[in-house]
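Encoded as structure tokens, the structure appears first; notes follow it.
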Amino acid sequence: MARATSIFIFLCMGVIAASVAAIMMFQFSRPVGEALTLGLSLLCTMIVVHLVFARQRDRGDMAEKVAALEERVLEVDEDVSNIEGRLTGMETNLPRRTREEIDPLFAEVEVLGSLIKQMAEAMAGMEDRIDEQDARQIAPPPPQERFAAYEEPRALGYSQQPSTHSPHPGQAPYPGQQGQGYAAQAPMPHTQMQPQGYGQPQHGGEAPAVRGPAPGEGPHGARAQESAGALHSPAMARAREDARPDPELRRVIQDALDNNRVDLFLQPIVTLPQRQVRDYEALTRIRDAQNNYLEPVDFIAEATRARMMPAIDNLMLFRAIQVLRRLSSRNRRSGLFVNLSIQTLVDERFFPGFLDFLRANEGFSGLLTFEFTQSDVNEMGALELESLAALHELGYRFSMDRVRDLKMDFKVLSDRGFRYMKLHASRLIGNEHMPASHIHPADLGDLLRRYAMELIVDHVETEAQVLEVLDYDARIGQGYLFSPPRPVRPEVLQARPPQRNLRRAAE
């Protein structure tokens, strides 16, 4: 249609040009050439004018189409924005609605968990009362060799303080032992560990021998035999002998402090199963005049009796900060576990300076962890807890070592700043006896994480133990299998603390 219209317009232009040329020739008597030239000029002029108007019309149509296309694109953008808004609303509201529906279920589960915990605590208390009643009625245990498996091995680091045990307050002495306690008996071979008068006649008559339940007989027989067997063990006899002061060992410790012969050893704490070094534990070694090393298990009891532990802790803290500075200079964020004595927490002359030194090095609070044994934590009183709170306010964390009993309040420990708990590998996998508890060792790792704490399995010495420990979902390990304790190089410990402070802390 547009093509026919253009042809018609051009024909009309030709007719007009021919008409003008004819008028010029016949009406005005102009020459033929001039008339034809005028007609052709008029035809060209009309063609140019037509083309200009046609081009403008085409441009207008194109602009209208582009504008319509832009409007359509804007509409598509609005639709896409609406879809994105709906998707965002679904992503925001769906989890909220899900939480609103699931939170009541979680609350009910927590209530059930608290009820089960209360029931377990009540059952544990009832078992303790039954054990106390049974302990008053059972006879002395069999010879010591039947309980050799329950004897605590010589552990790396701080050993448990020796203590003297006595019979249960409500238990009457055995026949033939009136006025004679266990402490009066000297250590003797296993064949002589039987108490005097056991099964002997009393008041001139024949008394039948009273036999307690054998291991495994009755619900509490094994536990009662274990506690009674510990009273007669050779280890307890040695502990009673070691309770006497040792002036020679005390002089060796004081001489080591005065002559800077207290060395720092480091043992790595690794992640499992990658076995990458995560932290280090600082261990104390004392050298005598002949440069023979004494481990903490050898000198810790005498140092505690002589109240030298604050001086040793002061020296170890000073060197631990030096090690942390060396690690930080190498862009390593490995932390350091440092053993601390409860004597340090209550020493009025030493602890304020100890606290000031930690406050001056508060930048290492996230890397320094103080370690206490479970027995020390259980013995903490008001003064110790106040000092512990002061350390926690500075940002320092704590760890519990040598855990023997899982009956404890994990929430209270977490609130006081405890972030780690160390458990012997043999106790975790069940090769070594632990007191009965409502917490199974296999669930200990998950339970600690609920209270922002981590389980560290120490004394890992074989690959078989590693495999068993991984089955219990343990993430951190320590032991001779990964690396034994190694001394810190002398160039790391270039400075040395003032001897006057050490002497004042040891006085």
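FYI, nothing fancy with the structure tokens labels: chains A, B, ... in order, residues from 1 per chain, ligands from 1 as they appear.
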
| request: Can you pull out every residue within 9 Å of A:Met316, counting only C-alpha atoms, but drop anything in the same chain fewer than 4 positions away, and send it as a ChimeraX atom specification? | output: /A:262-264,282-284,311-312,320-321,338-339

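Taking stretch 236-298 of chain A and asking which residues DSSP calls strand (DSSP E) on the backbone, you get Val262, Asp263, Leu264, Phe265, Leu266, Gln267, Pro268, Ile269, Val270, Thr271, Val277, Arg278, Asp279, Tyr280, Glu281, Ala282, Leu283, Thr284, Arg285, Ile286, Arg287, Tyr293 and Leu294 of chain A.
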
| Residue nearest A:Ile269 - candidates A:Ser41, A:Ile116, A:Thr98, A:Ser334, atoms counted: only C-alpha atoms | A:Ser334

| Between atom CA of A:Ser375 and atom CA of A:Gly477, what is the distance, to one decimal in Å? |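 Computing the Euclidean distance for atom CA of A:Ser375 and atom CA of A:Gly477 yields 21.9 Å.
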
| task | For stretch 456-463 of chain A, list every protein, DNA or RNA residue within 9 Å, evaluated using only C-alpha atoms, and leave out those in the same chain fewer than 4 positions away; present the list as a VMD selection string. | result | chain A and resid 155 to 156 269 420 to 426 428 445 467 to 469 474 to 482

Grab the residues selected above and save them as an mmCIF file, in the first residue's frame with N, CA, C and O atoms.
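Written output follows (result.cif):
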data_model
loop_
_atom_site.group_PDB
_atom_site.id
_atom_site.type_symbol
_atom_site.label_atom_id
_atom_site.label_comp_id
_atom_site.auth_asym_id
_atom_site.auth_seq_id
_atom_site.Cartn_x
_atom_site.Cartn_y
_atom_site.Cartn_z
ATOM 1 N N ALA A 155 51.172 -39.497 86.369
ATOM 2 C CA ALA A 155 50.743 -38.683 85.231
ATOM 3 C C ALA A 155 51.725 -37.566 84.995
ATOM 4 O O ALA A 155 52.474 -37.173 85.864
ATOM 5 N N LEU A 156 51.690 -37.069 83.779
ATOM 6 C CA LEU A 156 52.538 -35.953 83.395
ATOM 7 C C LEU A 156 51.980 -34.681 84.017
ATOM 8 O O LEU A 156 50.809 -34.422 83.997
ATOM 9 N N ILE A 269 49.238 -29.282 72.109
ATOM 10 C CA ILE A 269 47.853 -29.747 72.155
ATOM 11 C C ILE A 269 47.334 -29.640 70.732
ATOM 12 O O ILE A 269 47.344 -28.554 70.140
ATOM 13 N N TYR A 420 37.800 -25.186 79.224
ATOM 14 C CA TYR A 420 38.347 -26.472 78.809
ATOM 15 C C TYR A 420 38.285 -27.444 79.981
ATOM 16 O O TYR A 420 38.319 -27.048 81.156
ATOM 17 N N MET A 421 38.200 -28.722 79.630
ATOM 18 C CA MET A 421 38.242 -29.787 80.628
ATOM 19 C C MET A 421 39.071 -30.938 80.057
ATOM 20 O O MET A 421 38.815 -31.404 78.946
ATOM 21 N N LYS A 422 40.070 -31.359 80.816
ATOM 22 C CA LYS A 422 40.950 -32.432 80.379
ATOM 23 C C LYS A 422 40.551 -33.744 81.044
ATOM 24 O O LYS A 422 40.381 -33.797 82.264
ATOM 25 N N LEU A 423 40.438 -34.767 80.213
ATOM 26 C CA LEU A 423 40.069 -36.095 80.695
ATOM 27 C C LEU A 423 41.070 -37.108 80.169
ATOM 28 O O LEU A 423 41.442 -37.073 78.993
ATOM 29 N N HIS A 424 41.511 -37.996 81.055
ATOM 30 C CA HIS A 424 42.465 -39.044 80.684
ATOM 31 C C HIS A 424 41.853 -39.945 79.612
ATOM 32 O O HIS A 424 40.671 -40.308 79.678
ATOM 33 N N ALA A 425 42.647 -40.282 78.610
ATOM 34 C CA ALA A 425 42.133 -41.101 77.504
ATOM 35 C C ALA A 425 41.611 -42.434 78.004
ATOM 36 O O ALA A 425 40.584 -42.928 77.531
ATOM 37 N N SER A 426 42.298 -43.042 78.974
ATOM 38 C CA SER A 426 41.851 -44.335 79.488
ATOM 39 C C SER A 426 40.507 -44.219 80.188
ATOM 40 O O SER A 426 39.693 -45.144 80.141
ATOM 41 N N LEU A 428 38.176 -41.951 79.416
ATOM 42 C CA LEU A 428 37.146 -41.673 78.417
ATOM 43 C C LEU A 428 36.686 -42.937 77.715
ATOM 44 O O LEU A 428 35.483 -43.150 77.515
ATOM 45 N N GLY A 445 31.603 -34.631 75.494
ATOM 46 C CA GLY A 445 31.987 -33.586 74.546
ATOM 47 C C GLY A 445 30.807 -32.711 74.138
ATOM 48 O O GLY A 445 30.894 -31.472 74.166
ATOM 49 N N LEU A 467 41.866 -43.775 67.643
ATOM 50 C CA LEU A 467 40.670 -44.241 66.936
ATOM 51 C C LEU A 467 39.467 -44.304 67.871
ATOM 52 O O LEU A 467 38.356 -43.915 67.493
ATOM 53 N N GLU A 468 39.681 -44.798 69.096
ATOM 54 C CA GLU A 468 38.564 -44.873 70.040
ATOM 55 C C GLU A 468 38.126 -43.484 70.479
ATOM 56 O O GLU A 468 36.927 -43.223 70.661
ATOM 57 N N VAL A 469 39.077 -42.588 70.667
ATOM 58 C CA VAL A 469 38.729 -41.233 71.084
ATOM 59 C C VAL A 469 37.926 -40.521 70.003
ATOM 60 O O VAL A 469 36.974 -39.781 70.288
ATOM 61 N N ALA A 474 35.707 -36.488 70.084
ATOM 62 C CA ALA A 474 36.674 -35.589 70.722
ATOM 63 C C ALA A 474 37.438 -34.844 69.640
ATOM 64 O O ALA A 474 37.890 -35.445 68.660
ATOM 65 N N ARG A 475 37.617 -33.548 69.814
ATOM 66 C CA ARG A 475 38.217 -32.702 68.787
ATOM 67 C C ARG A 475 39.624 -32.233 69.139
ATOM 68 O O ARG A 475 40.320 -31.706 68.287
ATOM 69 N N ILE A 476 40.043 -32.389 70.398
ATOM 70 C CA ILE A 476 41.361 -31.908 70.824
ATOM 71 C C ILE A 476 42.035 -33.018 71.622
ATOM 72 O O ILE A 476 41.390 -33.683 72.441
ATOM 73 N N GLY A 477 43.335 -33.229 71.376
ATOM 74 C CA GLY A 477 44.079 -34.278 72.064
ATOM 75 C C GLY A 477 45.452 -33.815 72.496
ATOM 76 O O GLY A 477 45.994 -32.828 71.989
ATOM 77 N N GLN A 478 46.046 -34.573 73.424
ATOM 78 C CA GLN A 478 47.379 -34.269 73.954
ATOM 79 C C GLN A 478 47.984 -35.566 74.459
ATOM 80 O O GLN A 478 47.293 -36.400 75.041
ATOM 81 N N GLY A 479 49.266 -35.737 74.251
ATOM 82 C CA GLY A 479 49.917 -36.940 74.744
ATOM 83 C C GLY A 479 51.246 -37.186 74.068
ATOM 84 O O GLY A 479 51.643 -36.494 73.113
ATOM 85 N N TYR A 480 51.945 -38.214 74.570
ATOM 86 C CA TYR A 480 53.259 -38.555 74.040
ATOM 87 C C TYR A 480 53.185 -39.051 72.602
ATOM 88 O O TYR A 480 54.184 -39.028 71.884
ATOM 89 N N LEU A 481 52.011 -39.538 72.160
ATOM 90 C CA LEU A 481 51.896 -39.992 70.775
ATOM 91 C C LEU A 481 52.132 -38.836 69.810
ATOM 92 O O LEU A 481 52.745 -39.023 68.754
ATOM 93 N N PHE A 482 51.662 -37.660 70.143
ATOM 94 C CA PHE A 482 51.815 -36.502 69.267
ATOM 95 C C PHE A 482 53.180 -35.843 69.467
ATOM 96 O O PHE A 482 53.838 -35.497 68.495
#
